[in-house]
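Q: This is the structure, below, for whatever I ask next.
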Amino acid sequence: MIIEPKTRGFICLTSHPTGCEKNVLNQIDYIKSRPTTNGPKNVLVIGASTGFGLASRITSAYGSNASTIGVFFEKPPTEGRPASPGWYNSAAFETQAHKDGLYAKSINGDAFSNEIKAQTLKLIQDDLGKIDMVIYSLASPVRTHPDTGERFKSVLKPIGDTFTNNTVDFHTGVVKEISIAPCSGDDIDNTIAVMGGEDWKMWIDLLKSADVLSEDFKTVAYSYIGPSLTEAVYRKGTIGRAKDHLEATAFEITDSLKAINGKGYVSVNKALVTQASSAIPVIPLYISLLYKVMKEEGIHEGCIEQIERLFNERLYAEDLQLDEQGRIRVDDWEMRDDIQAKVLELWKEATTETLPNIGDLEGYKTDFFNLFGFNVEGVDYDKDVNEMVAIPGLQ
Ligand code: NAD
Ligand code: NA
């Protein structure tokens with residue numbers, strides 16, 4: 001079939017297998033020339049199909065020949081209806097990994113559930129024995145608690161006061177003010193239940209009790225901080241509370257792994273266009289200004305560049321360069337004073353009329369469509385493609 005992008009607000013309902021494949025192969029190429037010395041060997045990636053999780057899987061596999069198990073929640077294709085992009089990404093990754101003699105298998109289902117955890121544990125026991133790294137990179141709006149069955153929904157709201165600031169509709173380029181009412185009721189607790197650290201800890205507890213974690217095991221989850229501009233809706237909002245919880249969980253995990261000298265870390269990553277971040281108000285305007293400034297300075301990175309730096313210059317380097325709160329920071333270039341000062345200046349000037357010049361709206365849009373395999377360089381979109389692609393290592 002011929003597949004075209006079909007957008008509804010900040011989501012795209014279709015995705016392109018060849019474009020997704022090209023994105024994955026480009027990331028593999030990037031990592032092949034940047035190997036990780038003493039990198040991980042047996043890696044579980046939870047949230048492995050898109051964004052930072054996919055980049056982590058690729059960096060593990062192609063940076064240090066790691067065997068990888070990927071867990072994700074993606075929609076398979078049906079006749080005439082393309083799969084979600086993470087499906088095609090995983091198909092492309094596993095196809096290439098197998099060609100290159102790398103072990104790569106995956107499990108598609110709800111990582112929050114006991115069933116998927118048990119299935120993953122069995123696969124580790126059967127195929128890998130022990131693992132030396134778990135990357136936790138889930139981004140989800142909902143979680144069903146595995147023990148109580150309660151379904152929690154996360155919200156992206158400020159705490160206390162209504163937040164008013166500019167945002168951009170990146171499809172139309174219209175910059176306009178939006179107001180977001182403060183959270184109420186159980187919003188904070190619910191958001192912590194979905195995006196906090198409870199599930200991460202459950203995974204590690206299970207794997208530890210089954211004795212499948214090797215000596216010096218590491219686990220890393222991803223967090224975000226960002227500038228004062230987005231603070232009210234992000235870091236000091238409901239999602240920020242969940243990130244606080246996630247960050248505190250890293251220390252609990254480290255405490256629980258003393259016997260094997262295991263470590264739990266949070267890495268604070270840069271703001272990037274992903275399916276998760278395009279849903280957050282104000283962030284798209286911030287990102288389009290940030291991209292402009294960082295590209296001008298020659299320090300722009302995508303997911304793969306971020307994770308390559310995380311592995312090679314932090315996790316597997318001499319010095320993790322932890323901040324005062326014990327976090328790994330690869331948002332260091334985003335947060336540089338000169339970068340933030342420039343973004344803040346541009347923010348004051350940003351209107352529908354000025355944004356195409358002062359911001360990188362085109363870069364934002366390209367990245368957004370790239371997530372779904374569209375607008376990828378070197379792909380012929382007029383060519384018929386088979387939407388019924390299989391993931392070779394799917395269990
Ligand atoms: P993403 O949407 O690209 O990836 C989410 C992954 O989680 C996918 O693999 C998806 O299949 C999987 N997933 C979602 N729900 C699942 C479920 N119930 N069971 C199994 N798998 C499930 O998101 P991302 O932007 O790469 O975010 C990953 C992490 O990085 C998040 O914690 C996010 O907060 C953090 N982060 C993101 C940014 C950013 O700007 N995008 C910046 C810093 C940190
Ligand atoms: Na991810």
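Ligands are numbered from 1 in the order shown, residues from 1 within each chain, and chains are lettered A, B, ... in the order they appear in the structure tokens.
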Within 6 Å of ligand 1 (counting only C-alpha atoms and all ligand atoms), which residues show up? I'd like them as JSON, numbers by chain.
A: {"A": [47, 48, 49, 50, 51, 52, 53, 71, 72, 73, 74, 109, 110, 111, 112, 137, 138, 139, 140, 222, 223, 224, 268, 269, 270, 271, 272, 273, 274, 275, 276, 277]}
Q: Looking only at strand (DSSP E) from DSSP on the backbone, list the matching residues of segment 37-280 of chain A as a ChimeraX atom specification.
A: /A:42-46,67-72,104-108,131-136,142-144,151-153,163-169,174-180,213-223,263-268
Q: List the neighbours of segment 182-184 of chain A out to 6 Å using only C-alpha atoms; skip same-chain residues closer than 5 positions along the sequence, and give me the result as a PyMOL selection string.
A: chain A and resi 157-162
Q: Quick one: write out the picked residues with N, CA, C and O atoms as a tab-separated table (two decimals), in the first residue's frame?
A:
chain	number	residue	atom	x	y	z
A	157	LYS	N	-0.50	18.78	34.65
A	157	LYS	CA	-1.12	20.01	35.15
A	157	LYS	C	-0.22	20.68	36.17
A	157	LYS	O	0.57	20.03	36.85
A	158	PRO	N	-0.38	22.01	36.28
A	158	PRO	CA	0.34	22.71	37.35
A	158	PRO	C	-0.28	22.37	38.70
A	158	PRO	O	-1.40	21.86	38.77
A	159	ILE	N	0.48	22.66	39.76
A	159	ILE	CA	-0.01	22.43	41.12
A	159	ILE	C	-0.25	23.79	41.78
A	159	ILE	O	0.65	24.64	41.77
A	160	GLY	N	-1.42	24.03	42.29
A	160	GLY	CA	-1.70	25.27	43.02
A	160	GLY	C	-2.39	26.33	42.19
A	160	GLY	O	-3.55	26.63	42.41
A	161	ASP	N	-1.67	26.90	41.20
A	161	ASP	CA	-2.23	28.00	40.42
A	161	ASP	C	-2.40	27.63	38.96
A	161	ASP	O	-1.70	26.77	38.45
A	162	THR	N	-3.31	28.35	38.33
A	162	THR	CA	-3.45	28.23	36.88
A	162	THR	C	-2.17	28.72	36.21
A	162	THR	O	-1.59	29.72	36.64
Q: Need the shell around segment 187-194 of chain A: protein/DNA/RNA residues with any atom at most 7 Å away, counting only C-alpha atoms. Skip same-chain ones fewer than 3 positions apart. Format as a PDB file with N, CA and C atoms, in the first residue's frame?
A:
ATOM      1  N   VAL A 142      -1.316   5.974  31.157  1.00  0.00           N
ATOM      2  CA  VAL A 142      -2.147   5.182  32.078  1.00  0.00           C
ATOM      3  C   VAL A 142      -1.382   3.986  32.635  1.00  0.00           C
ATOM      4  N   ARG A 143      -1.802   3.519  33.798  1.00  0.00           N
ATOM      5  CA  ARG A 143      -1.233   2.285  34.354  1.00  0.00           C
ATOM      6  C   ARG A 143      -2.311   1.562  35.144  1.00  0.00           C
ATOM      7  N   PHE A 152      -4.901   3.923  36.858  1.00  0.00           N
ATOM      8  CA  PHE A 152      -4.503   5.301  37.131  1.00  0.00           C
ATOM      9  C   PHE A 152      -4.268   6.047  35.822  1.00  0.00           C
ATOM     10  N   LYS A 153      -4.673   7.324  35.808  1.00  0.00           N
ATOM     11  CA  LYS A 153      -4.393   8.178  34.643  1.00  0.00           C
ATOM     12  C   LYS A 153      -3.491   9.315  35.083  1.00  0.00           C
ATOM     13  N   SER A 154      -2.410   9.541  34.326  1.00  0.00           N
ATOM     14  CA  SER A 154      -1.539  10.664  34.681  1.00  0.00           C
ATOM     15  C   SER A 154      -2.076  11.934  34.033  1.00  0.00           C
ATOM     16  N   VAL A 155      -1.787  13.064  34.651  1.00  0.00           N
ATOM     17  CA  VAL A 155      -2.202  14.345  34.066  1.00  0.00           C
ATOM     18  C   VAL A 155      -0.993  15.277  34.004  1.00  0.00           C
ATOM     19  N   CYS A 183      -4.155  21.104  39.054  1.00  0.00           N
ATOM     20  CA  CYS A 183      -4.654  19.759  39.304  1.00  0.00           C
ATOM     21  C   CYS A 183      -5.583  19.771  40.508  1.00  0.00           C
ATOM     22  N   SER A 184      -6.338  18.702  40.637  1.00  0.00           N
ATOM     23  CA  SER A 184      -7.243  18.604  41.784  1.00  0.00           C
ATOM     24  C   SER A 184      -7.368  17.138  42.179  1.00  0.00           C
ATOM     25  N   GLU A 198       7.389   3.245  41.179  1.00  0.00           N
ATOM     26  CA  GLU A 198       6.905   1.983  41.755  1.00  0.00           C
ATOM     27  C   GLU A 198       7.095   0.793  40.808  1.00  0.00           C
ATOM     28  N   THR A 238       2.400  18.172  38.120  1.00  0.00           N
ATOM     29  CA  THR A 238       2.114  16.780  38.498  1.00  0.00           C
ATOM     30  C   THR A 238       3.183  15.811  37.979  1.00  0.00           C
ATOM     31  N   ILE A 239       3.625  16.002  36.731  1.00  0.00           N
ATOM     32  CA  ILE A 239       4.619  15.084  36.164  1.00  0.00           C
ATOM     33  C   ILE A 239       5.953  15.210  36.908  1.00  0.00           C
ATOM     34  N   ARG A 241       6.287  15.763  40.069  1.00  0.00           N
ATOM     35  CA  ARG A 241       6.176  14.958  41.296  1.00  0.00           C
ATOM     36  C   ARG A 241       6.484  13.493  40.995  1.00  0.00           C
ATOM     37  N   ALA A 242       6.007  13.038  39.847  1.00  0.00           N
ATOM     38  CA  ALA A 242       6.294  11.649  39.466  1.00  0.00           C
ATOM     39  C   ALA A 242       7.793  11.471  39.222  1.00  0.00           C
ATOM     40  N   HIS A 245       9.615  11.202  42.425  1.00  0.00           N
ATOM     41  CA  HIS A 245       9.444   9.849  42.962  1.00  0.00           C
ATOM     42  C   HIS A 245      10.371   8.852  42.258  1.00  0.00           C
TER      43      HIS A 245
END
Q: Could you jot down the atom CA of Ala55 of chain A to atom CA of Ile3 of chain A separation for me, Å, one decimal place?
A: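 Between atom CA of Ala55 of chain A and atom CA of Ile3 of chain A the gap works out to 24.9 Å.
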Q: Between A:Tyr364, A:Phe311, A:Phe93, A:Phe10, which has the minimum distance to Ile58 of chain A (counting only C-alpha atoms)?
A: A:Phe93
Q: Please run DSSP on the backbone and report, as a ChimeraX atom specification, all residues within segment 119-368 of chain A that come out as alpha helix (DSSP H).
A: /A:119-123,187-195,198-209,228-231,238-256,283-296,303-310,337-349,355-358,361-368
Q: Please provide the set of residues having any atom within 7 Å of Pro40 of chain A, restricted to only C-alpha atoms, with same-chain residues fewer than 3 positions apart removed, written as a PDB file with N, CA and C atoms, in the first residue's frame.
A:
ATOM      1  N   VAL A  43      21.193  -7.094  28.110  1.00  0.00           N
ATOM      2  CA  VAL A  43      20.437  -5.900  28.473  1.00  0.00           C
ATOM      3  C   VAL A  43      18.931  -6.102  28.272  1.00  0.00           C
ATOM      4  N   SER A  60      23.327  -0.323  23.132  1.00  0.00           N
ATOM      5  CA  SER A  60      23.806  -1.547  23.790  1.00  0.00           C
ATOM      6  C   SER A  60      24.229  -2.588  22.759  1.00  0.00           C
ATOM      7  N   SER A  64      28.378  -2.412  22.154  1.00  0.00           N
ATOM      8  CA  SER A  64      29.171  -3.429  22.853  1.00  0.00           C
ATOM      9  C   SER A  64      28.644  -4.845  22.603  1.00  0.00           C
ATOM     10  N   ALA A  66      25.840  -6.232  22.723  1.00  0.00           N
ATOM     11  CA  ALA A  66      24.979  -6.801  23.754  1.00  0.00           C
ATOM     12  C   ALA A  66      23.820  -7.593  23.159  1.00  0.00           C
ATOM     13  N   ASP A 132      23.094  -7.663  32.893  1.00  0.00           N
ATOM     14  CA  ASP A 132      23.918  -6.676  33.613  1.00  0.00           C
ATOM     15  C   ASP A 132      23.369  -5.261  33.517  1.00  0.00           C
ATOM     16  N   MET A 133      22.272  -5.093  32.775  1.00  0.00           N
ATOM     17  CA  MET A 133      21.702  -3.746  32.692  1.00  0.00           C
ATOM     18  C   MET A 133      20.211  -3.810  32.387  1.00  0.00           C
TER      19      MET A 133
END
Q: Quick one: everything within 10 Å of Gly326 of chain A, counting only C-alpha atoms, minus sequence neighbours fewer than 3 positions away in the same chain. Send it as number ranges by chain.
A: A: 247-248, 250-251, 265-267, 320-323, 329
